[in-house]
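Trainee: After the structure tokens below, expect a handful of questions from me.
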Amino acid sequence: MISRSALTRGSQLALRRPAAAKTVQRGFAAAASPAASYEPTTIAGVKVASRDDSGPTTRLAVVAKAGTRYEPLPGLTVGLEEFAFKNTNKRTALRIVRESELLGGQLQAYHTREALVLQANFLREDLPYFTELLAEVISETKYTTHEFHELVENCIHAKQAKLDSAAIALDAAHNVAFHNGLGAPLYPTVDTPTSSYLNENSVAAFANIAYNKANIAVVADGASQAGLEKWVEPFFKGVPATSSGNLNTAASKYFGGEQRVAKNGKNAIVIGFPGAALGASQPETSVLVGLLGGVSNIKWSPGFSLLSKATAANPGAEAFATNYAYSDAGLLAIQISGKGAAVGKVAVEAVKGLKAVASGGVSKEDLTKAIAKAKFDLLSASEVSGTGLVHAGANLLAGGKPLQVAETLKALEGVTAEKLQAAAKKLLEGKASVSAVGDLHVLPYAEDLGLKV
């Protein structure tokens, strides 16, 4: 076991805690209020958002504007992700692991098309240690040659090998929808010549551009703003205010189109339309996603949603709808995967269902269910998947404010059948973004589905 003197100042402070942490308990009869919204502020030049439910654990994340949309060369985002929590100027990777495990913490790094997220989950009283650690990772990581070749490169190749038809189809749909920027794949495919672009030096150069106070936000779930003010200011003072380079921040533009990729194995189709951007007031999109649905939430029932009914009638395929929200654009995607013939039939039924919504064929009961599902998805997203942290940080970086939960819930309750009909009709009148991956002999074209591309 490492000695107390071997720990950094933040770790020592974290270990000076009472034997039993005080927690706030809610009685069974008490009514739970909607999840609080993140409260934004600025601490020592760093954008910060927090919310505090006084629970025993905390989730703390640095959200950096370093997603694949902003990478100047293919593979730099995933390279930067894999260097997270490796050796720094102060600590070895082994020491980071041992200290974090002694405190019961969890460390993770992941990315979206717009953000690179470094996240720590830990006991509430260990906020000082993990705040210091995240600041150290973004400002003092060593981008060494041996770690790149022995660890980072192997991790990237392993993730490339795991790319399936569904992931490739989603990337292809984004590509035809937005071309560059948001159209860049989440992971470079095995055929991408990353060796021409990706090395420890190019990753370090990208880190110098991305990791500065102008391009990061610190988001905490389960920490008080006073606590953040106490520790963010001293630990993040070494993070540069700006960088000498600039990210590609060209505005997104929706194009639409079709892409087909032949591939052995599983089949996949993605049908995309312009969706709702982060912070956009488009509650109809969330309700439409709820109505399209996917896998039933109730055991032994096919579910009420359009896609769950379509997959129940066509065994061998699974489908779900999602609105991928970005800072200045969105993509409403219907994702279908499975056996070729079943995938094609579900795609046909999905478009038929969307056309039925556009013609006013939504019952009052189904609308009520779709609104309820949209509300549940909103409230549970940040609690279960952590997407609230990412969206709060992305909104801050885009110059907006974190999602206002109460306002959004009220907007969802105001969606009517007429508004939903108008939203579906608008989607079908515009250009779709359709991708098909797998056995192209059986997978339908966009024209076969009755869509414009």
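Note on naming: chains are A, B, ... as they come in the structure tokens, residues start from 1 per chain, ligands start from 1 in the order shown.
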Could you give me, as a CSV table (one decimal) with N, CA, C and O atoms, in the first residue's frame, the residues within 8 Å of Ala276 in chain A, counting only C-alpha atoms and dropping anything in the same chain fewer than 2 positions from it?
Mentor:
chain,number,residue,atom,x,y,z
A,274,PRO,N,-32.9,16.0,-40.6
A,274,PRO,CA,-32.5,17.0,-39.7
A,274,PRO,C,-33.2,17.0,-38.4
A,274,PRO,O,-34.4,16.9,-38.3
A,278,LEU,N,-28.6,21.0,-29.7
A,278,LEU,CA,-28.6,21.3,-28.3
A,278,LEU,C,-29.1,22.7,-28.0
A,278,LEU,O,-28.8,23.6,-28.7
A,280,ALA,N,-32.0,23.8,-28.7
A,280,ALA,CA,-33.1,24.2,-29.6
A,280,ALA,C,-34.4,23.9,-28.9
A,280,ALA,O,-34.6,22.8,-28.3
A,281,SER,N,-35.4,24.8,-29.2
A,281,SER,CA,-36.7,24.6,-28.6
A,281,SER,C,-37.6,23.8,-29.6
A,281,SER,O,-38.4,24.3,-30.4
A,282,GLN,N,-37.3,22.5,-29.7
A,282,GLN,CA,-38.0,21.6,-30.6
A,282,GLN,C,-38.5,20.4,-29.8
A,282,GLN,O,-38.1,19.2,-30.1
A,285,THR,N,-39.6,17.1,-31.7
A,285,THR,CA,-38.6,16.1,-32.1
A,285,THR,C,-38.4,15.0,-31.0
A,285,THR,O,-38.4,13.8,-31.3
A,323,ASN,N,-32.4,11.1,-31.4
A,323,ASN,CA,-32.0,12.4,-31.9
A,323,ASN,C,-30.6,12.7,-31.4
A,323,ASN,O,-30.3,12.9,-30.2
A,324,TYR,N,-29.6,12.8,-32.3
A,324,TYR,CA,-28.3,13.1,-32.0
A,324,TYR,C,-28.1,14.6,-32.0
A,324,TYR,O,-28.2,15.2,-33.1
A,325,ALA,N,-28.0,15.2,-30.9
A,325,ALA,CA,-28.0,16.7,-30.8
A,325,ALA,C,-26.6,17.2,-30.7
A,325,ALA,O,-25.8,16.8,-29.8
A,329,ALA,N,-26.5,21.7,-34.8
A,329,ALA,CA,-27.3,20.9,-35.8
A,329,ALA,C,-27.7,19.6,-35.0
A,329,ALA,O,-27.3,19.4,-33.8
A,330,GLY,N,-28.5,18.8,-35.6
A,330,GLY,CA,-29.0,17.6,-35.0
A,330,GLY,C,-29.3,16.6,-36.1
A,330,GLY,O,-29.5,16.9,-37.3
A,331,LEU,N,-29.3,15.3,-35.8
A,331,LEU,CA,-29.7,14.3,-36.7
A,331,LEU,C,-30.6,13.3,-36.0
A,331,LEU,O,-30.3,12.6,-35.1
A,332,LEU,N,-31.9,13.3,-36.5
A,332,LEU,CA,-32.9,12.3,-36.0
A,332,LEU,C,-32.6,11.0,-36.8
A,332,LEU,O,-32.9,11.0,-38.0
Trainee: Where does DSSP see strand (DSSP E) in range 25-166 of chain A, if you list the residues as a VMD selection string?
Mentor: chain A and resid 39 to 43 46 to 51 57 to 64 106 to 111 116 to 123
Trainee: Assign secondary structure with DSSP using the backbone only, and return the residues of range 26-273 of chain A in alpha helix (DSSP H) as a PyMOL selection string.
Mentor: chain A and resi 76-82+93-102+127-140+145-147+153-161+165-178+200-210+225-235
Trainee: Using only C-alpha atoms, determine which residues lie at most 7 Å from range 102-112 of chain A, disregarding the query and same-chain residues fewer than 2 positions distant; provide the list as a list of chain:residue names.
Mentor: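 Final neighbour list, sorted by chain and number: A:Gly67, A:Glu81, A:Ala84, A:Arg98, A:Glu99, A:Ser100, A:Glu114, A:Ala115, A:Leu116, A:Val117, A:Leu118, A:Gln119, A:Ala120, A:Asn121, A:Phe122, A:Leu186.
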Trainee: With distances taken over only C-alpha atoms, which of A:Asn215, A:Asn199, A:Ser301, A:Thr77 is nearest to Ala394 in chain A?
Mentor: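 For Ala394 in chain A, the nearest of the candidates is A:Asn215.
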Trainee: With only C-alpha atoms as the counted atoms, please give the residues lying no more than 9 Å from Lys90 in chain A, apart from itself and same-chain residues fewer than 3 positions off, as a list of chain:residue names.
Mentor: A:Thr8, A:Asn87, A:Glu136, A:Glu140, A:Thr141
Trainee: Please produce an output containing N, CA, C and O atoms for each residue in the selection, written as a PDB file, in the first residue's frame.
Mentor:
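Contents of the output file part_35.pdb:
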ATOM      1  N   THR A   8      -0.238  13.068  -3.476  1.00  0.00           N
ATOM      2  CA  THR A   8      -0.177  14.496  -3.716  1.00  0.00           C
ATOM      3  C   THR A   8      -1.021  15.231  -2.689  1.00  0.00           C
ATOM      4  O   THR A   8      -1.785  14.633  -1.930  1.00  0.00           O
ATOM      5  N   ASN A  87       1.108   8.456 -18.163  1.00  0.00           N
ATOM      6  CA  ASN A  87       2.133   9.163 -17.384  1.00  0.00           C
ATOM      7  C   ASN A  87       2.021  10.680 -17.529  1.00  0.00           C
ATOM      8  O   ASN A  87       1.808  11.195 -18.635  1.00  0.00           O
ATOM      9  N   GLU A 136      -4.380  17.897 -13.954  1.00  0.00           N
ATOM     10  CA  GLU A 136      -3.034  17.410 -14.283  1.00  0.00           C
ATOM     11  C   GLU A 136      -3.029  16.663 -15.614  1.00  0.00           C
ATOM     12  O   GLU A 136      -2.100  16.808 -16.421  1.00  0.00           O
ATOM     13  N   GLU A 140      -0.501  18.289 -18.084  1.00  0.00           N
ATOM     14  CA  GLU A 140       0.847  17.786 -17.860  1.00  0.00           C
ATOM     15  C   GLU A 140       1.055  16.344 -18.314  1.00  0.00           C
ATOM     16  O   GLU A 140       1.996  15.684 -17.873  1.00  0.00           O
ATOM     17  N   THR A 141       0.199  15.839 -19.204  1.00  0.00           N
ATOM     18  CA  THR A 141       0.406  14.485 -19.722  1.00  0.00           C
ATOM     19  C   THR A 141       1.655  14.437 -20.599  1.00  0.00           C
ATOM     20  O   THR A 141       1.922  15.341 -21.380  1.00  0.00           O
TER      21      THR A 141
END
Trainee: Write out as a PyMOL selection string which residues come within 8 Å of Ala347 in chain A when counting only C-alpha atoms, dropping same-chain ones fewer than 6 positions away.
Mentor: chain A and resi 269+336+449
